[in-house]
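Participant: Below is the file data.cif, with mmCIF, C-alpha atoms.
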```cif
data_entry
#
loop_
_atom_site.group_PDB
_atom_site.id
_atom_site.type_symbol
_atom_site.label_atom_id
_atom_site.label_comp_id
_atom_site.auth_asym_id
_atom_site.auth_seq_id
_atom_site.Cartn_x
_atom_site.Cartn_y
_atom_site.Cartn_z
ATOM 1 C CA MET A 1203 -9.701 7.894 -9.085
ATOM 2 C CA ILE A 1204 -11.512 10.050 -11.600
ATOM 3 C CA HIS A 1205 -15.145 11.161 -11.324
ATOM 4 C CA GLN A 1206 -16.430 12.268 -14.727
ATOM 5 C CA GLU A 1207 -20.062 12.947 -15.683
ATOM 6 C CA GLY A 1208 -21.367 10.496 -13.081
ATOM 7 C CA GLY A 1209 -18.877 7.749 -13.919
ATOM 8 C CA LEU A 1210 -15.891 6.560 -11.968
ATOM 9 C CA ALA A 1211 -12.526 5.231 -13.144
ATOM 10 C CA TYR A 1212 -8.977 4.846 -11.904
ATOM 11 C CA ALA A 1213 -5.979 6.532 -13.490
ATOM 12 C CA CYS A 1214 -2.611 4.860 -13.301
ATOM 13 C CA SER A 1215 0.614 4.888 -15.221
ATOM 14 C CA SER A 1216 4.161 3.742 -14.712
ATOM 15 C CA GLU A 1217 5.210 6.766 -16.788
ATOM 16 C CA LEU A 1218 5.525 9.497 -14.141
ATOM 17 C CA SER A 1219 6.282 12.351 -16.536
ATOM 18 C CA ILE A 1220 3.680 15.101 -17.008
ATOM 19 C CA ALA A 1221 2.747 13.535 -20.366
ATOM 20 C CA GLY A 1222 2.385 10.074 -18.805
ATOM 21 C CA LEU A 1223 0.160 11.337 -15.997
ATOM 22 C CA GLU A 1224 -1.926 13.421 -18.404
ATOM 23 C CA TRP A 1225 -2.423 10.332 -20.576
ATOM 24 C CA ALA A 1226 -3.577 8.294 -17.536
ATOM 25 C CA VAL A 1227 -6.060 10.998 -16.489
ATOM 26 C CA HIS A 1228 -7.362 11.293 -20.052
ATOM 27 C CA GLN A 1229 -7.874 7.505 -20.266
ATOM 28 C CA ALA A 1230 -9.653 7.417 -16.897
ATOM 29 C CA LYS A 1231 -11.944 10.298 -17.884
ATOM 30 C CA SER A 1232 -12.857 8.438 -21.046
ATOM 31 C CA TRP A 1233 -13.595 5.199 -19.163
ATOM 32 C CA ALA A 1234 -15.639 7.090 -16.550
ATOM 33 C CA GLN A 1235 -17.717 8.786 -19.253
ATOM 34 C CA GLN A 1236 -18.305 5.502 -21.073
ATOM 35 C CA SER A 1237 -19.419 3.711 -17.914
ATOM 36 C CA ALA A 1238 -21.429 6.565 -16.340
ATOM 37 C CA HIS A 1239 -24.774 5.162 -17.503
ATOM 38 C CA LEU A 1240 -23.985 1.810 -15.819
ATOM 39 C CA THR A 1241 -23.215 3.111 -12.335
ATOM 40 C CA LEU A 1242 -25.445 2.291 -9.376
ATOM 41 C CA TYR A 1243 -24.214 5.211 -7.282
ATOM 42 C CA PRO A 1244 -24.297 8.921 -8.202
ATOM 43 C CA TRP A 1245 -20.538 9.535 -8.004
ATOM 44 C CA ASN A 1246 -20.910 13.049 -9.379
ATOM 45 C CA GLN A 1247 -22.836 14.062 -6.239
ATOM 46 C CA ILE A 1248 -19.998 13.286 -3.817
ATOM 47 C CA PRO A 1249 -18.508 16.456 -2.352
ATOM 48 C CA MET A 1250 -14.777 16.529 -3.021
ATOM 49 C CA SER A 1251 -12.361 17.189 -0.188
ATOM 50 C CA HIS A 1252 -10.527 20.475 0.275
ATOM 51 C CA ALA A 1253 -8.274 19.093 3.014
ATOM 52 C CA LYS A 1254 -4.532 19.549 3.115
ATOM 53 C CA GLY A 1255 -2.245 17.538 5.326
ATOM 54 C CA HIS A 1256 0.489 14.987 5.831
ATOM 55 C CA TYR A 1257 0.838 11.867 7.942
ATOM 56 C CA SER A 1258 3.939 9.784 8.587
ATOM 57 C CA SER A 1259 3.861 6.596 10.615
ATOM 58 C CA PRO A 1260 6.065 6.860 13.694
ATOM 59 C CA VAL A 1261 9.308 4.931 13.183
ATOM 60 C CA GLN A 1262 11.946 4.621 15.893
ATOM 61 C CA ASN A 1263 14.390 2.360 14.027
ATOM 62 C CA SER A 1264 13.861 1.964 10.319
ATOM 63 C CA TRP A 1265 14.399 -1.506 8.873
ATOM 64 C CA PHE A 1266 15.612 0.240 5.726
ATOM 65 C CA ASP A 1267 18.475 1.929 7.598
ATOM 66 C CA LEU A 1268 19.950 -1.398 8.792
ATOM 67 C CA SER A 1269 22.748 -3.119 6.932
ATOM 68 C CA THR A 1270 22.156 -6.589 5.498
ATOM 69 C CA ALA A 1271 24.374 -8.079 8.228
ATOM 70 C CA GLN A 1272 22.303 -6.359 10.947
ATOM 71 C CA LYS A 1273 19.068 -7.690 9.417
ATOM 72 C CA VAL A 1274 20.400 -11.254 9.214
ATOM 73 C CA ASP A 1275 21.734 -11.078 12.797
ATOM 74 C CA TYR A 1276 18.399 -9.797 14.108
ATOM 75 C CA ILE A 1277 16.337 -12.492 12.386
ATOM 76 C CA ALA A 1278 18.827 -15.195 13.454
ATOM 77 C CA SER A 1279 18.558 -14.010 17.066
ATOM 78 C CA ILE A 1280 14.781 -14.430 17.213
ATOM 79 C CA CYS A 1281 14.425 -17.653 15.195
ATOM 80 C CA PRO A 1282 15.490 -20.023 18.045
ATOM 81 C CA THR A 1283 12.574 -18.739 20.124
ATOM 82 C CA PHE A 1284 10.149 -20.351 17.663
ATOM 83 C CA LYS A 1285 11.157 -23.887 18.647
ATOM 84 C CA VAL A 1286 8.149 -24.093 20.957
ATOM 85 C CA ALA A 1287 7.432 -27.843 20.853
ATOM 86 C CA SER A 1288 9.469 -31.010 20.457
ATOM 87 C CA HIS A 1289 7.300 -32.366 17.631
ATOM 88 C CA LEU A 1290 8.099 -29.440 15.329
ATOM 89 C CA VAL A 1291 10.181 -30.596 12.375
ATOM 90 C CA TYR A 1292 10.338 -27.318 10.478
ATOM 91 C CA THR A 1293 10.086 -23.671 11.418
ATOM 92 C CA ALA A 1294 10.477 -20.714 9.133
ATOM 93 C CA PHE A 1295 10.178 -17.023 9.672
ATOM 94 C CA SER A 1296 9.512 -14.380 7.043
ATOM 95 C CA TRP A 1297 9.703 -10.642 7.241
ATOM 96 C CA GLN A 1298 8.313 -8.222 4.668
ATOM 97 C CA ALA A 1299 9.287 -4.601 5.032
ATOM 98 C CA HIS A 1300 7.024 -1.994 3.437
ATOM 99 C CA LYS A 1301 7.717 1.667 2.806
ATOM 100 C CA LYS A 1302 4.945 3.520 0.975
ATOM 101 C CA ARG A 1303 4.101 7.078 0.059
ATOM 102 C CA ARG A 1304 0.610 7.993 -1.122
ATOM 103 C CA LEU A 1305 -0.728 11.225 -2.548
ATOM 104 C CA TYR A 1306 -4.409 12.187 -2.665
ATOM 105 C CA ILE A 1307 -5.404 15.263 -4.658
ATOM 106 C CA THR A 1308 -8.708 16.613 -5.919
ATOM 107 C CA ASN A 1309 -9.714 19.294 -8.366
ATOM 108 C CA GLN A 1310 -11.132 21.147 -5.347
ATOM 109 C CA GLY A 1311 -7.692 21.726 -3.832
ATOM 110 C CA ALA A 1312 -7.155 18.739 -1.557
ATOM 111 C CA HIS A 1313 -3.530 17.679 -1.189
ATOM 112 C CA ILE A 1314 -2.870 14.917 1.315
ATOM 113 C CA THR A 1315 0.296 12.849 1.580
ATOM 114 C CA GLN A 1316 0.697 9.732 3.663
ATOM 115 C CA SER A 1317 4.011 8.013 4.359
ATOM 116 C CA THR A 1318 3.969 4.632 6.053
ATOM 117 C CA GLU A 1319 6.666 2.186 7.020
ATOM 118 C CA TYR A 1320 5.822 -1.153 8.581
ATOM 119 C CA ILE A 1321 6.863 -4.787 8.914
ATOM 120 C CA SER A 1322 4.679 -7.813 8.082
ATOM 121 C CA PRO A 1323 6.085 -10.832 9.924
ATOM 122 C CA GLY A 1324 5.179 -14.414 9.091
ATOM 123 C CA LEU A 1325 5.745 -17.655 10.965
ATOM 124 C CA TYR A 1326 5.515 -21.160 9.521
ATOM 125 C CA LEU A 1327 5.522 -24.208 11.774
ATOM 126 C CA LEU A 1328 5.394 -27.819 10.618
ATOM 127 C CA GLY A 1329 4.919 -30.564 13.146
ATOM 128 C CA GLN A 1330 4.829 -34.321 13.091
ATOM 129 C CA LYS A 1331 3.184 -36.524 15.654
ATOM 130 C CA ASP A 1332 4.938 -39.821 16.426
#
```
Taking this structure as input, can you express it in the form of structure tokens?
Facilitator:
Amino acid sequence: MIHQEGGLAYACSSELSIAGLEWAVHQAKSWAQQSAHLTLYPWNQIPMSHAKGHYSSPVQNSWFDLSTAQKVDYIASICPTFKVASHLVYTAFSWQAHKKRRLYITNQGAHITQSTEYISPGLYLLGQKD
């Protein structure tokens, strides 16, 4: 996120070289300047953070360290427990594993990293009444 002359814009690029990141910041500065007169909030008056730190979510057993066979065996072992009623004709279970690393920096010296790893389970049940 770039604050420039009262405007606000986001910088992003899939090109992670210095040139790619510089281009993204330049574009965001330009967009922020162009939209500054349209803003409803004085973004240029927000004090920027000076914080430094790191956070990692606690992980005892990482899903990403398991083999494919271990993942399939684990999911297969818990699926039978979802047959909770006789009128269910279809059950499905999904599992999304997320591993993310975020970096927050400011021109005032803030440098914060956050690493998270978590699972998003899903359960689908389809029933039919006789």
Participant: Name the residues that the PyMOL selection byres ((chain A and resi 1298) around 9) pulls out of this structure, and write them as a list in words.
Facilitator: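 Checked against the file, the PyMOL selection byres ((chain A and resi 1298) around 9) matches Ser1296, Trp1297, Ala1299, His1300, Tyr1320, Ile1321, Ser1322, Pro1323 and Gly1324 of chain A.
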Participant: Between A:Leu1325, A:Ile1280, A:Val1261, A:Ala1221, which residue has the minimum interatomic distance to Lys1301 in chain A, considering all atoms listed in the file?
Facilitator: A:Val1261
Participant: Give as a list in words the residues that the PyMOL selection byres ((chain A and resi 1247) around 12) matches when applied to the coordinates above.
Facilitator: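 Checking the PyMOL selection byres ((chain A and resi 1247) around 12) against this file, the residues are His1205, Gln1206, Glu1207, Gly1208, Gly1209, Leu1210, Tyr1243, Pro1244, Trp1245, Asn1246, Ile1248, Pro1249 and Met1250 of chain A.
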Participant: How would the residues just picked look written out with C-alpha atoms as a JSON list (two decimals), keeping the file's coordinate frame?
Facilitator:
```json
[["chain", "number", "residue", "atom", "x", "y", "z"],
["A", 1205, "HIS", "CA", -15.14, 11.16, -11.32],
["A", 1206, "GLN", "CA", -16.43, 12.27, -14.73],
["A", 1207, "GLU", "CA", -20.06, 12.95, -15.68],
["A", 1208, "GLY", "CA", -21.37, 10.50, -13.08],
["A", 1209, "GLY", "CA", -18.88, 7.75, -13.92],
["A", 1210, "LEU", "CA", -15.89, 6.56, -11.97],
["A", 1243, "TYR", "CA", -24.21, 5.21, -7.28],
["A", 1244, "PRO", "CA", -24.30, 8.92, -8.20],
["A", 1245, "TRP", "CA", -20.54, 9.54, -8.00],
["A", 1246, "ASN", "CA", -20.91, 13.05, -9.38],
["A", 1248, "ILE", "CA", -20.00, 13.29, -3.82],
["A", 1249, "PRO", "CA", -18.51, 16.46, -2.35],
["A", 1250, "MET", "CA", -14.78, 16.53, -3.02]]
```
Participant: Restricting the calculation to all atoms listed in the file, which member of A:His1239, A:Met1203, A:Leu1327, A:Thr1315 is positioned closest to Ser1259 in chain A?
Facilitator: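 Residue with the minimum atom-to-atom distance to Ser1259 in chain A: A:Thr1315.
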Participant: Report as a PDB file with C-alpha atoms, keeping the file's coordinate frame the full result of the PyMOL selection byres ((chain A and resi 1251) around 9) when it is applied to this structure.
Facilitator:
```pdb
ATOM      1  CA  PRO A1249     -18.508  16.456  -2.352  1.00  0.00           C
ATOM      2  CA  MET A1250     -14.777  16.529  -3.021  1.00  0.00           C
ATOM      3  CA  HIS A1252     -10.527  20.475   0.275  1.00  0.00           C
ATOM      4  CA  ALA A1253      -8.274  19.093   3.014  1.00  0.00           C
ATOM      5  CA  LYS A1254      -4.532  19.549   3.115  1.00  0.00           C
ATOM      6  CA  ILE A1307      -5.404  15.263  -4.658  1.00  0.00           C
ATOM      7  CA  THR A1308      -8.708  16.613  -5.919  1.00  0.00           C
ATOM      8  CA  ASN A1309      -9.714  19.294  -8.366  1.00  0.00           C
ATOM      9  CA  GLN A1310     -11.132  21.147  -5.347  1.00  0.00           C
ATOM     10  CA  GLY A1311      -7.692  21.726  -3.832  1.00  0.00           C
ATOM     11  CA  ALA A1312      -7.155  18.739  -1.557  1.00  0.00           C
ATOM     12  CA  HIS A1313      -3.530  17.679  -1.189  1.00  0.00           C
TER      13      HIS A1313
END
```
Participant: From the list A:Ser1269, A:Thr1241, A:Ser1258, A:Ser1232, which residue is nearest Arg1303 in chain A when using all atoms listed in the file?
Facilitator: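 Counting all atoms listed in the file, the residue closest to Arg1303 in chain A is A:Ser1258.
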Participant: Pick the closest to Tyr1257 in chain A from A:Leu1218, A:Leu1240, A:Val1291, A:Ile1314: which is it, counting all atoms listed in the file?
Facilitator: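 Of the candidates, the smallest distance to Tyr1257 in chain A is held by A:Ile1314.
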Participant: What separation in Å, quoted to one decimal, exists between CA of Trp1225 in chain A and CA of Ile1204 in chain A?
Facilitator: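 These two atoms are separated by 12.8 Å.
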Participant: Select, from A:Ala1211, A:Leu1242, A:Gln1330, A:Ile1277, the residue with the minimum atom-to-atom distance to His1228 in chain A, counting all atoms listed in the file.
Facilitator: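 For His1228 in chain A, the nearest of the candidates is A:Ala1211.
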Participant: If you measure from CA of Glu1217 in chain A to CA of Ala1230 in chain A, what distance in Å do you get, rounded to one decimal?
Facilitator: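 Going from CA of Glu1217 in chain A over to CA of Ala1230 in chain A covers 14.9 Å.
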Participant: Hey, which of A:Gln1229, A:Gln1316, A:Ser1237, A:Gln1272 ends up closest to Ser1215 in chain A? Count all atoms listed in the file.
Facilitator: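 Checking each of A:Gln1229, A:Gln1316, A:Ser1237, A:Gln1272 against Ser1215 in chain A, counting all atoms listed in the file, the winner is A:Gln1229.
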Participant: Please rebuild range 1213-1224 of chain A with all heavy atoms and give the result as a short mmCIF file (atom, residue, chain, number, x, y, z; two decimals), keeping the file's coordinate frame.
Facilitator:
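Contents of the output file selection_36.cif:
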```cif
data_model
loop_
_atom_site.label_atom_id
_atom_site.label_comp_id
_atom_site.auth_asym_id
_atom_site.auth_seq_id
_atom_site.Cartn_x
_atom_site.Cartn_y
_atom_site.Cartn_z
N ALA A 1213 -7.07 6.14 -12.61
CA ALA A 1213 -5.98 6.53 -13.49
C ALA A 1213 -4.68 5.98 -12.92
O ALA A 1213 -4.42 6.13 -11.73
CB ALA A 1213 -5.89 8.05 -13.58
N CYS A 1214 -3.92 5.33 -13.75
CA CYS A 1214 -2.61 4.86 -13.30
C CYS A 1214 -1.66 4.78 -14.49
O CYS A 1214 -2.09 4.61 -15.63
CB CYS A 1214 -2.71 3.53 -12.59
SG CYS A 1214 -3.27 2.18 -13.63
N SER A 1215 -0.40 4.95 -14.18
CA SER A 1215 0.61 4.89 -15.22
C SER A 1215 1.97 4.66 -14.56
O SER A 1215 2.24 5.18 -13.49
CB SER A 1215 0.64 6.21 -16.00
OG SER A 1215 1.72 6.22 -16.90
N SER A 1216 2.79 3.88 -15.20
CA SER A 1216 4.16 3.74 -14.71
C SER A 1216 5.04 4.86 -15.27
O SER A 1216 6.17 5.04 -14.84
CB SER A 1216 4.74 2.38 -15.12
OG SER A 1216 4.73 2.25 -16.52
N GLU A 1217 4.49 5.62 -16.20
CA GLU A 1217 5.21 6.77 -16.79
C GLU A 1217 4.88 8.00 -15.95
O GLU A 1217 3.78 8.54 -16.04
CB GLU A 1217 4.77 6.96 -18.24
CG GLU A 1217 5.33 8.19 -18.91
CD GLU A 1217 6.85 8.25 -18.87
OE1 GLU A 1217 7.50 7.29 -19.32
OE2 GLU A 1217 7.37 9.26 -18.38
N LEU A 1218 5.80 8.43 -15.09
CA LEU A 1218 5.52 9.50 -14.14
C LEU A 1218 5.86 10.90 -14.66
O LEU A 1218 5.89 11.85 -13.89
CB LEU A 1218 6.25 9.23 -12.82
CG LEU A 1218 5.82 7.94 -12.12
CD1 LEU A 1218 6.61 7.75 -10.84
CD2 LEU A 1218 4.34 7.92 -11.86
N SER A 1219 6.09 11.02 -15.96
CA SER A 1219 6.28 12.35 -16.54
C SER A 1219 4.92 13.05 -16.61
O SER A 1219 3.88 12.42 -16.45
CB SER A 1219 6.88 12.23 -17.94
OG SER A 1219 5.92 11.64 -18.81
N ILE A 1220 4.93 14.36 -16.86
CA ILE A 1220 3.68 15.10 -17.01
C ILE A 1220 2.84 14.48 -18.12
O ILE A 1220 1.64 14.27 -17.97
CB ILE A 1220 3.95 16.60 -17.30
CG1 ILE A 1220 4.66 17.25 -16.10
CG2 ILE A 1220 2.67 17.33 -17.63
CD1 ILE A 1220 3.86 17.28 -14.82
N ALA A 1221 3.47 14.13 -19.23
CA ALA A 1221 2.75 13.54 -20.37
C ALA A 1221 2.14 12.18 -19.97
O ALA A 1221 1.00 11.88 -20.33
CB ALA A 1221 3.68 13.37 -21.57
N GLY A 1222 2.89 11.38 -19.23
CA GLY A 1222 2.38 10.07 -18.80
C GLY A 1222 1.20 10.19 -17.87
O GLY A 1222 0.21 9.45 -17.99
N LEU A 1223 1.27 11.12 -16.93
CA LEU A 1223 0.16 11.34 -16.00
C LEU A 1223 -1.05 11.93 -16.71
O LEU A 1223 -2.20 11.55 -16.43
CB LEU A 1223 0.61 12.23 -14.84
CG LEU A 1223 1.69 11.62 -13.94
CD1 LEU A 1223 2.16 12.65 -12.91
CD2 LEU A 1223 1.21 10.36 -13.27
N GLU A 1224 -0.81 12.85 -17.63
CA GLU A 1224 -1.93 13.42 -18.40
C GLU A 1224 -2.62 12.34 -19.21
O GLU A 1224 -3.85 12.32 -19.32
CB GLU A 1224 -1.43 14.54 -19.32
CG GLU A 1224 -1.10 15.81 -18.58
CD GLU A 1224 -0.50 16.88 -19.49
OE1 GLU A 1224 -0.05 16.57 -20.62
OE2 GLU A 1224 -0.48 18.05 -19.06
#
```
